[in-house]
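Heads up, final.cif below (mmCIF, C-alpha atoms and all ligand atoms):
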data_coords
#
loop_
_atom_site.label_atom_id
_atom_site.label_comp_id
_atom_site.auth_asym_id
_atom_site.auth_seq_id
_atom_site.Cartn_x
_atom_site.Cartn_y
_atom_site.Cartn_z
CA MET A 30 -23.51 -0.79 24.85
CA ALA A 31 -19.93 -0.66 26.12
CA ILE A 32 -17.07 -1.00 23.69
CA SER A 33 -13.42 -0.37 24.53
CA LYS A 34 -12.47 3.25 25.19
CA LYS A 35 -9.59 2.88 22.79
CA ILE A 36 -11.82 1.78 19.90
CA GLU A 37 -14.36 4.43 20.81
CA SER A 38 -11.69 7.10 20.48
CA SER A 39 -10.49 5.58 17.18
CA LEU A 40 -14.05 5.77 15.88
CA ALA A 41 -14.31 9.42 16.92
CA GLY A 42 -11.28 10.20 14.76
CA ALA A 43 -12.88 8.37 11.79
CA SER A 44 -10.72 8.13 8.68
CA TRP A 45 -10.89 11.07 6.28
CA ILE A 46 -11.26 8.68 3.37
CA ARG A 47 -14.39 7.17 4.90
CA ARG A 48 -15.77 10.61 5.84
CA MET A 49 -15.32 11.99 2.34
CA PHE A 50 -16.76 8.85 0.78
CA GLU A 51 -19.90 9.31 2.85
CA GLU A 52 -20.12 12.96 1.72
CA GLY A 53 -19.92 11.61 -1.82
CA GLU A 54 -22.88 9.31 -1.26
CA LYS A 55 -24.97 12.34 -0.20
CA LEU A 56 -23.86 14.43 -3.18
CA ARG A 57 -24.48 11.56 -5.65
CA LYS A 58 -28.10 11.39 -4.48
CA LEU A 59 -28.48 15.16 -4.94
CA TYR A 60 -26.66 15.68 -8.27
CA GLY A 61 -26.42 12.22 -9.90
CA PRO A 62 -23.27 10.05 -10.10
CA ASP A 63 -21.91 11.71 -13.28
CA ARG A 64 -21.76 15.13 -11.63
CA VAL A 65 -19.90 14.09 -8.49
CA TYR A 66 -16.13 13.77 -8.89
CA ASP A 67 -15.16 11.34 -6.19
CA PHE A 68 -11.38 10.98 -5.92
CA THR A 69 -11.39 9.49 -2.42
CA LEU A 70 -11.14 5.69 -2.59
CA GLY A 71 -8.27 3.48 -3.73
CA ASN A 72 -10.64 0.81 -5.02
CA PRO A 73 -9.55 -0.33 -8.52
CA ASN A 74 -12.32 0.21 -11.07
CA VAL A 75 -10.69 -2.04 -13.69
CA GLU A 76 -11.54 -5.73 -14.05
CA PRO A 77 -9.03 -8.53 -13.31
CA PRO A 78 -7.03 -9.76 -16.34
CA ALA A 79 -8.69 -12.29 -18.69
CA ALA A 80 -6.35 -15.02 -17.39
CA PHE A 81 -7.96 -14.71 -13.95
CA LYS A 82 -11.40 -15.57 -15.34
CA GLU A 83 -9.93 -18.49 -17.31
CA GLU A 84 -8.36 -19.99 -14.17
CA LEU A 85 -11.54 -19.44 -12.18
CA LYS A 86 -13.59 -21.18 -14.86
CA LYS A 87 -11.17 -24.13 -15.02
CA LEU A 88 -11.40 -24.67 -11.27
CA ALA A 89 -15.19 -24.48 -11.31
CA LEU A 90 -15.47 -26.98 -14.19
CA GLU A 91 -12.76 -29.38 -13.00
CA PRO A 92 -12.65 -29.11 -9.20
CA VAL A 93 -9.66 -30.64 -7.44
CA PRO A 94 -10.77 -33.03 -4.65
CA GLY A 95 -10.23 -31.43 -1.21
CA MET A 96 -9.72 -27.98 -2.68
CA HIS A 97 -11.85 -26.29 0.00
CA ARG A 98 -10.14 -27.89 2.99
CA TYR A 99 -7.72 -26.39 5.52
CA MET A 100 -4.10 -26.56 4.44
CA SER A 101 -0.72 -25.75 5.98
CA ASN A 102 -1.02 -22.31 7.62
CA ALA A 103 1.70 -20.95 5.33
CA GLY A 104 -0.36 -21.80 2.24
CA TYR A 105 -0.09 -24.31 -0.60
CA PRO A 106 3.55 -25.27 -1.35
CA GLU A 107 2.92 -24.98 -5.11
CA THR A 108 1.62 -21.42 -4.75
CA ARG A 109 4.55 -20.44 -2.55
CA ARG A 110 6.93 -22.05 -5.08
CA ALA A 111 5.33 -20.04 -7.91
CA VAL A 112 5.82 -16.80 -5.95
CA ALA A 113 9.40 -17.75 -5.04
CA GLU A 114 10.26 -18.58 -8.66
CA VAL A 115 9.30 -15.09 -9.88
CA LEU A 116 11.06 -13.37 -6.96
CA GLY A 117 14.18 -15.42 -7.72
CA GLU A 118 14.09 -14.30 -11.36
CA GLN A 119 13.57 -10.66 -10.39
CA THR A 120 16.32 -10.48 -7.77
CA GLY A 121 18.80 -13.21 -8.69
CA LEU A 122 18.50 -14.45 -5.08
CA PRO A 123 17.85 -18.07 -4.01
CA PHE A 124 14.17 -17.85 -3.02
CA ASN A 125 12.19 -20.98 -2.33
CA GLU A 126 8.80 -21.81 -0.77
CA ASN A 127 10.33 -21.59 2.72
CA HIS A 128 10.63 -17.83 2.31
CA ILE A 129 6.94 -17.29 1.49
CA VAL A 130 3.72 -17.17 3.54
CA MET A 131 0.41 -16.63 1.72
CA THR A 132 -1.80 -14.07 3.48
CA CYS A 133 -5.16 -12.34 3.52
CA GLY A 134 -4.02 -9.33 1.50
CA ALA A 135 -1.25 -6.88 2.34
CA GLY A 136 -3.21 -5.66 5.36
CA GLY A 137 -3.26 -9.19 6.77
CA ALA A 138 0.43 -9.61 5.91
CA LEU A 139 1.42 -6.42 7.74
CA ASN A 140 -0.45 -7.54 10.86
CA VAL A 141 1.22 -10.95 10.76
CA VAL A 142 4.70 -9.43 10.40
CA LEU A 143 4.16 -6.82 13.13
CA LYS A 144 2.74 -9.39 15.55
CA THR A 145 5.72 -11.63 14.87
CA LEU A 146 8.34 -8.90 15.42
CA LEU A 147 7.03 -6.63 18.14
CA ASP A 148 7.26 -6.72 21.90
CA ARG A 149 5.16 -4.13 23.76
CA GLY A 150 6.84 -0.72 23.51
CA ASP A 151 8.95 -1.55 20.44
CA GLU A 152 9.08 1.27 17.91
CA VAL A 153 8.24 1.17 14.22
CA ILE A 154 9.27 4.04 11.95
CA VAL A 155 6.81 5.10 9.25
CA LEU A 156 7.66 7.69 6.61
CA SER A 157 5.10 10.45 6.29
CA PRO A 158 2.94 10.82 4.29
CA TYR A 159 1.86 7.22 4.88
CA PHE A 160 -1.05 4.79 4.49
CA VAL A 161 -3.01 5.64 7.62
CA GLU A 162 -3.78 2.04 8.62
CA TYR A 163 -0.11 1.55 9.54
CA LYS A 164 -0.74 3.40 12.80
CA PHE A 165 -3.58 1.08 13.76
CA TYR A 166 -1.70 -2.04 12.71
CA ILE A 167 1.35 -1.05 14.81
CA ASP A 168 -0.89 -0.30 17.78
CA ASN A 169 -2.67 -3.68 17.33
CA HIS A 170 0.56 -5.39 18.38
CA GLY A 171 1.67 -3.07 21.19
CA GLY A 172 4.10 -1.10 19.04
CA ILE A 173 4.76 2.64 19.03
CA CYS A 174 4.57 4.45 15.70
CA ARG A 175 7.37 6.96 15.05
CA GLU A 176 6.61 9.26 12.13
CA VAL A 177 9.56 10.53 10.11
CA PRO A 178 8.83 13.05 7.33
CA THR A 179 10.14 12.37 3.81
CA THR A 180 12.00 14.96 1.67
CA GLU A 181 10.31 17.61 -0.52
CA GLU A 182 10.24 14.98 -3.29
CA PHE A 183 8.69 12.43 -0.88
CA LYS A 184 11.83 10.26 -0.82
CA PRO A 185 13.22 8.76 2.43
CA ASP A 186 15.22 11.31 4.44
CA LEU A 187 18.13 9.16 5.58
CA ASP A 188 19.46 11.66 8.15
CA ALA A 189 16.03 11.96 9.76
CA ILE A 190 15.63 8.16 9.81
CA GLY A 191 19.08 7.81 11.39
CA ARG A 192 18.11 10.28 14.11
CA ALA A 193 14.83 8.47 14.78
CA ILE A 194 16.40 5.05 15.38
CA THR A 195 16.58 4.15 19.08
CA SER A 196 17.44 0.97 20.97
CA ARG A 197 13.69 0.10 20.77
CA THR A 198 13.40 0.44 16.95
CA LYS A 199 12.34 -2.92 15.55
CA ALA A 200 11.28 -2.03 12.03
CA ILE A 201 10.81 0.62 9.36
CA ILE A 202 7.84 0.41 7.02
CA ILE A 203 8.47 1.70 3.51
CA ASN A 204 5.97 1.82 0.67
CA SER A 205 7.02 2.23 -2.95
CA PRO A 206 5.16 2.98 -5.24
CA ASN A 207 3.65 5.07 -2.51
CA ASN A 208 0.15 5.69 -1.29
CA PRO A 209 -0.60 8.65 -1.16
CA THR A 210 2.20 10.26 -3.27
CA GLY A 211 2.65 7.82 -6.17
CA VAL A 212 6.43 8.26 -5.76
CA VAL A 213 8.68 5.29 -6.59
CA TYR A 214 12.00 4.87 -4.74
CA ASN A 215 14.92 4.31 -7.09
CA ASN A 216 18.08 2.38 -6.15
CA ALA A 217 19.85 5.17 -4.26
CA PRO A 218 17.59 5.56 -1.20
CA LEU A 219 17.31 1.78 -0.83
CA ALA A 220 21.09 1.37 -0.99
CA GLU A 221 21.56 4.20 1.54
CA LEU A 222 18.96 2.74 3.87
CA GLY A 223 20.67 -0.66 3.64
CA GLU A 224 23.99 0.94 4.52
CA LEU A 225 22.49 2.85 7.46
CA LEU A 226 20.95 -0.29 8.93
CA ASP A 227 24.15 -2.30 8.38
CA ASN A 228 26.00 0.35 10.38
CA VAL A 229 23.44 0.18 13.21
CA LYS A 230 23.83 -3.59 13.31
CA ARG A 231 27.60 -3.45 13.23
CA LYS A 232 27.74 -0.93 16.07
CA THR A 233 24.99 -2.24 18.35
CA GLY A 234 24.09 -5.73 17.13
CA GLN A 235 20.49 -4.53 16.71
CA ALA A 236 18.59 -5.76 13.64
CA VAL A 237 16.10 -3.19 12.30
CA TYR A 238 13.84 -4.90 9.78
CA VAL A 239 12.64 -3.09 6.68
CA ILE A 240 9.04 -4.04 5.97
CA SER A 241 8.45 -3.09 2.36
CA ASP A 242 4.75 -2.74 1.59
CA GLU A 243 4.46 -3.22 -2.17
CA PRO A 244 0.90 -3.74 -3.41
CA TYR A 245 1.52 -1.20 -6.23
CA ALA A 246 4.85 -2.68 -7.42
CA LYS A 247 3.47 -3.53 -10.88
CA ILE A 248 1.55 -0.26 -11.28
CA VAL A 249 4.36 1.91 -12.63
CA TYR A 250 4.65 4.23 -15.62
CA ASP A 251 7.13 5.63 -18.12
CA GLY A 252 8.75 2.19 -18.56
CA ILE A 253 10.36 2.15 -15.10
CA THR A 254 10.70 -0.89 -12.85
CA VAL A 255 10.69 -0.83 -9.05
CA PRO A 256 14.04 -1.90 -7.61
CA SER A 257 13.75 -4.72 -5.09
CA VAL A 258 14.59 -4.08 -1.42
CA PHE A 259 15.95 -7.61 -1.36
CA ASN A 260 18.91 -6.46 -3.46
CA TYR A 261 19.84 -3.66 -1.04
CA ILE A 262 18.72 -4.52 2.49
CA GLN A 263 19.71 -7.68 4.36
CA ASP A 264 16.90 -7.73 6.95
CA SER A 265 14.08 -7.09 4.51
CA ILE A 266 10.57 -8.47 4.42
CA VAL A 267 8.17 -7.74 1.56
CA VAL A 268 4.43 -7.65 2.17
CA THR A 269 2.18 -7.41 -0.82
CA SER A 270 -1.10 -8.45 -2.37
CA HIS A 271 -2.98 -8.86 -5.61
CA SER A 272 -5.52 -6.22 -4.59
CA LYS A 273 -4.18 -3.71 -7.09
CA ASP A 274 -2.05 -5.55 -9.67
CA LEU A 275 -4.77 -8.14 -10.41
CA ALA A 276 -7.64 -5.89 -9.19
CA LEU A 277 -8.76 -8.43 -6.56
CA PRO A 278 -9.08 -6.37 -3.34
CA GLY A 279 -12.25 -8.15 -2.25
CA GLU A 280 -10.62 -11.59 -2.53
CA ARG A 281 -8.04 -10.88 0.20
CA ILE A 282 -5.01 -12.57 -1.30
CA GLY A 283 -1.39 -11.59 -0.80
CA TYR A 284 1.87 -12.84 0.60
CA ILE A 285 4.89 -12.21 2.83
CA ALA A 286 8.36 -12.88 1.42
CA ILE A 287 11.43 -12.81 3.65
CA SER A 288 14.91 -12.16 2.33
CA PRO A 289 17.05 -15.28 1.82
CA ALA A 290 19.83 -13.22 3.47
CA ILE A 291 18.01 -12.87 6.80
CA GLU A 292 19.74 -14.56 9.76
CA ASN A 293 17.80 -17.38 11.39
CA PRO A 294 15.07 -17.49 8.71
CA GLY A 295 13.57 -20.67 10.16
CA LEU A 296 12.58 -18.99 13.43
CA LEU A 297 11.16 -15.95 11.63
CA MET A 298 9.09 -18.19 9.32
CA GLU A 299 7.80 -20.23 12.25
CA GLY A 300 6.74 -16.98 13.94
CA LEU A 301 5.00 -15.70 10.82
CA ILE A 302 3.11 -18.95 10.27
CA PHE A 303 2.08 -19.08 13.94
CA CYS A 304 0.78 -15.49 13.76
CA ASN A 305 -1.10 -16.11 10.49
CA ARG A 306 -2.92 -18.86 12.38
CA THR A 307 -3.45 -17.18 15.74
CA LEU A 308 -4.58 -13.84 14.35
CA GLY A 309 -7.50 -15.88 13.13
CA PHE A 310 -6.73 -15.74 9.41
CA VAL A 311 -5.69 -19.44 9.67
CA ASN A 312 -4.62 -19.40 6.02
CA ALA A 313 -5.10 -17.30 2.88
CA PRO A 314 -8.23 -18.15 0.82
CA ALA A 315 -7.71 -21.55 -0.83
CA LEU A 316 -9.38 -20.86 -4.18
CA MET A 317 -7.44 -17.64 -4.69
CA GLN A 318 -4.14 -19.31 -3.81
CA ARG A 319 -4.72 -21.85 -6.58
CA ILE A 320 -5.54 -19.12 -9.08
CA VAL A 321 -2.77 -16.63 -8.30
CA ALA A 322 -0.18 -19.39 -8.45
CA ARG A 323 -0.69 -19.23 -12.22
CA LEU A 324 -0.88 -15.44 -12.46
CA GLN A 325 2.41 -14.26 -10.96
CA ARG A 326 3.45 -12.76 -14.29
CA GLU A 327 0.08 -11.10 -15.04
CA SER A 328 -1.28 -7.67 -14.26
CA VAL A 329 -4.16 -5.35 -15.08
CA ASP A 330 -3.76 -2.98 -18.03
CA ILE A 331 -1.41 -0.32 -16.64
CA SER A 332 -1.79 1.96 -19.67
CA GLU A 333 -5.31 2.91 -18.55
CA TYR A 334 -3.94 4.21 -15.25
CA GLN A 335 -1.08 6.01 -16.97
CA GLU A 336 -3.54 7.80 -19.27
CA LYS A 337 -5.53 8.98 -16.24
CA ARG A 338 -2.39 10.16 -14.47
CA ASP A 339 -1.39 12.13 -17.56
CA ILE A 340 -4.81 13.75 -18.00
CA LEU A 341 -4.90 14.89 -14.37
CA TYR A 342 -1.23 15.84 -14.01
CA ASN A 343 -1.13 17.84 -17.27
CA ASN A 344 -4.43 19.65 -16.72
CA LEU A 345 -4.03 20.39 -13.01
CA THR A 346 -0.46 21.69 -13.32
CA ALA A 347 -1.61 23.92 -16.23
CA MET A 348 -4.29 25.32 -13.89
CA GLY A 349 -1.64 26.19 -11.30
CA PHE A 350 -1.78 23.23 -8.90
CA GLN A 351 1.71 22.15 -7.79
CA MET A 352 2.71 18.51 -7.40
CA VAL A 353 5.50 15.96 -7.77
CA LYS A 354 4.89 13.91 -10.95
CA PRO A 355 4.19 10.39 -9.70
CA GLN A 356 5.58 7.35 -11.50
CA GLY A 357 3.40 4.73 -9.88
CA ALA A 358 0.28 3.68 -7.94
CA PHE A 359 -2.89 5.62 -8.81
CA TYR A 360 -2.57 8.72 -6.66
CA LEU A 361 -1.50 12.35 -6.96
CA PHE A 362 -0.53 14.34 -3.87
CA PRO A 363 -0.57 18.06 -4.79
CA LYS A 364 0.16 20.98 -2.46
CA SER A 365 -2.96 22.45 -0.92
CA PRO A 366 -3.50 25.93 -2.39
CA LEU A 367 -4.79 27.02 1.04
CA PRO A 368 -2.54 26.65 4.10
CA ASP A 369 -5.28 24.61 5.78
CA ASP A 370 -5.71 21.42 3.69
CA VAL A 371 -9.02 20.53 5.39
CA ALA A 372 -10.43 23.99 4.51
CA PHE A 373 -9.25 23.45 0.91
CA VAL A 374 -10.97 20.05 0.70
CA MET A 375 -14.19 21.72 1.93
CA GLU A 376 -13.85 24.36 -0.82
CA ALA A 377 -13.39 21.61 -3.43
CA GLN A 378 -16.51 19.90 -2.15
CA LYS A 379 -18.52 23.01 -3.11
CA HIS A 380 -17.60 22.10 -6.72
CA ASN A 381 -18.61 18.46 -6.16
CA ILE A 382 -14.93 17.44 -6.11
CA LEU A 383 -14.19 14.98 -3.30
CA LEU A 384 -10.59 14.78 -2.11
CA VAL A 385 -8.77 13.56 0.99
CA PRO A 386 -6.75 16.10 3.02
CA GLY A 387 -3.05 15.40 3.53
CA SER A 388 -3.72 15.48 7.29
CA GLY A 389 -5.34 12.07 6.78
CA PHE A 390 -1.87 10.75 5.81
CA GLY A 391 0.12 12.51 8.54
CA THR A 392 1.10 15.38 6.21
CA PRO A 393 -1.01 18.56 6.39
CA GLY A 394 -0.68 21.09 3.57
CA TYR A 395 -1.40 18.60 0.76
CA PHE A 396 -4.36 16.67 -0.61
CA ARG A 397 -4.73 13.26 -2.26
CA ILE A 398 -6.41 12.50 -5.56
CA SER A 399 -7.13 8.81 -6.18
CA TYR A 400 -7.69 8.32 -9.91
CA CYS A 401 -8.74 4.67 -10.14
CA ILE A 402 -12.14 5.87 -11.39
CA ASP A 403 -13.85 6.14 -14.79
CA LYS A 404 -11.98 8.27 -17.29
CA GLN A 405 -15.22 10.07 -18.13
CA ILE A 406 -15.66 11.22 -14.53
CA ILE A 407 -12.08 12.53 -14.62
CA LEU A 408 -12.79 14.43 -17.86
CA ASN A 409 -16.08 15.77 -16.44
CA SER A 410 -14.22 17.00 -13.34
CA LEU A 411 -11.75 19.24 -15.22
CA PRO A 412 -14.08 22.29 -15.61
CA ALA A 413 -14.91 22.01 -11.90
CA PHE A 414 -11.20 21.96 -10.99
CA LYS A 415 -10.71 25.02 -13.25
CA GLU A 416 -13.50 26.92 -11.51
CA LEU A 417 -12.00 26.01 -8.14
CA ALA A 418 -8.50 27.10 -9.25
CA ASP A 419 -9.87 30.41 -10.61
CA ARG A 420 -11.88 31.08 -7.48
CA LEU A 421 -8.78 30.54 -5.33
CA GLY A 422 -6.72 32.77 -7.63
CA LEU A 423 -4.15 30.14 -8.77
N1 LIG A 501 -0.74 -0.87 1.83
C1 LIG A 501 -1.06 0.19 1.08
C2 LIG A 501 -0.05 1.23 0.84
C3 LIG A 501 -2.35 0.31 0.54
O1 LIG A 501 -2.66 1.37 -0.19
C4 LIG A 501 -3.29 -0.72 0.81
C5 LIG A 501 -4.65 -0.61 0.30
O2 LIG A 501 -5.11 0.36 -0.23
C6 LIG A 501 -2.89 -1.81 1.58
C7 LIG A 501 -1.61 -1.86 2.08
C8 LIG A 501 -3.84 -2.92 1.92
O3 LIG A 501 -4.01 -3.70 0.81
P1 LIG A 501 -4.82 -5.10 0.87
O4 LIG A 501 -6.12 -4.85 0.19
O5 LIG A 501 -3.99 -6.03 0.10
O6 LIG A 501 -4.96 -5.47 2.28
#

Write out the structure in this file as structure tokens.
Amino acid sequence: MAISKKIESSLAGASWIRRMFEEGEKLRKLYGPDRVYDFTLGNPNVEPPAAFKEELKKLALEPVPGMHRYMSNAGYPETRRAVAEVLGEQTGLPFNENHIVMTCGAGGALNVVLKTLLDRGDEVIVLSPYFVEYKFYIDNHGGICREVPTTEEFKPDLDAIGRAITSRTKAIIINSPNNPTGVVYNNAPLAELGELLDNVKRKTGQAVYVISDEPYAKIVYDGITVPSVFNYIQDSIVVTSHSKDLALPGERIGYIAISPAIENPGLLMEGLIFCNRTLGFVNAPALMQRIVARLQRESVDISEYQEKRDILYNNLTAMGFQMVKPQGAFYLFPKSPLPDDVAFVMEAQKHNILLVPGSGFGTPGYFRISYCIDKQIILNSLPAFKELADRLGL
């Protein structure tokens, strides 16, 4: 059976997350699910908010005629209006439905945006560590991925970004709260990035779009809020989904929002809508669009995630692991105690702890813990982490 050489080579370099998950399946059979501490997947283990079930029930009991038909490729106007209304309140900017396209999750949204923007050979800057699918998504549309490391604190390094911009740079993908670090960007780096890109435009006329990937925007701790790129960057496009904030990853519902300050927004929107259609998504799922239109102000219970972050951060740092304290998402990204992060992950596996090496996110020397799992599993894992720390002499 012949498949493309390119896909064959992608399969050979299978994702670390997938590899470790499969290891977990083997260990669970051997030791039982309670004795395997699987921190590999970013699959929310909480249920959607009660309001989601209410809306679902209402639609099942009182169906709207035609509710399963095709619609405009951008999505239902009332859903797009509901999204725009909340964005307008959050940013003070004049959003309306003509700035919004409903999509099949954030992954679908990213593909639609990249297809719309990129010509073959155009460059897209990603900040490492990064969500590994970005590389594949950029390649899907003929783009070239340029990795730029973040600072020690995992914030954007503006000098390094400035040096990486060439005449072929079309976009920069940022992701805050971040997967895999959990770091949230405050106002300063966004303002500085906005200034840098304004200068590029002034000098060369080249627009470099900031694609802000924000599926974790509502999953933040310690009372903070995530500043909006729309308030700092003119050529900004937000891609997001309800996979994490409403715990609906299997339902594939998200959206693209373009800044009201973007020049020629009509052409950009036409491109996005065309690509939503021709990538084969056609439109975002109809039932979910109707439901999330009423849930733009809802979210899962964030306090459960914060409690898990605190348990892990406090215990692991006391054991000698070193990490930046994350203020969002549901990940920790500690330094690998061994120089080789893959070797460290293999050592952890001997204690039934499953982790993903930083190499899987373009940043060797670290490892990722995903804590969207049962609290009891996290508590059960602590003695195993302690044994591991002691064995490695932390
Ligand atoms: N972007 C980031 C940073 C993610 O972590 C994920 C999923 O884990 C996605 C995008 C894709 O999300 P979706 O399920 O909405 O496609």

Rows by chain and residue number, chain A within 6 Å of ligand LIG 501 (chain A), shortest pair, all atoms listed in the file, as CSV:
residue,atom,partner,partner_atom,distance
A:Gly71,CA,A:LIG501,O2,5.7
A:Gly134,CA,A:LIG501,O5,3.6
A:Ala135,CA,A:LIG501,O5,3.6
A:Gly136,CA,A:LIG501,O6,3.5
A:Phe160,CA,A:LIG501,C2,5.2
A:Asn208,CA,A:LIG501,C2,4.9
A:Asp242,CA,A:LIG501,N1,5.8
A:Ser270,CA,A:LIG501,O5,4.5
A:Ser272,CA,A:LIG501,O5,4.9
A:Pro278,CA,A:LIG501,O4,4.9

Could you tell me which of A:Phe81, A:Phe303, A:Phe414, A:Tyr395 comes closest to A:Leu383 if we count all atoms listed in the file? A:Phe414

Enclose stretch 170-178 of chain A, meaning all of its atoms listed in the file, in a box aligned along x, y and z, pad it by 4 Å on each side, and list the centre and edge lengths in Å to one decimal, as AutoDock Vina command-line options.
--center_x 5.1 --center_y 3.8 --center_z 14.3 --size_x 17.0 --size_y 26.4 --size_z 21.9

Find the residues with any atom within 10 Å of (-1.4, -3.0, 14.3); use only C-alpha atoms and the coordinates as given in the file, and write the answer as a PyMOL selection string. chain A and resi 136-137+139-144+147+162-174

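A straight line drawn from atom CA of A:Glu221 to atom CA of A:Ile266 is 17.0 Å long.
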
Using only C-alpha atoms, what residues lie at most 12 Å away from (14.6, -6.9, 0.2) (file coordinates), given as an NGL selection string? :A and (116-117 or 119-122 or 124 or 128 or 203 or 216 or 219-220 or 222-223 or 238-243 or 255-268 or 285-291)

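Across the model, the gap from atom CA of A:Thr307 to atom CA of A:Asp148 is 16.2 Å.
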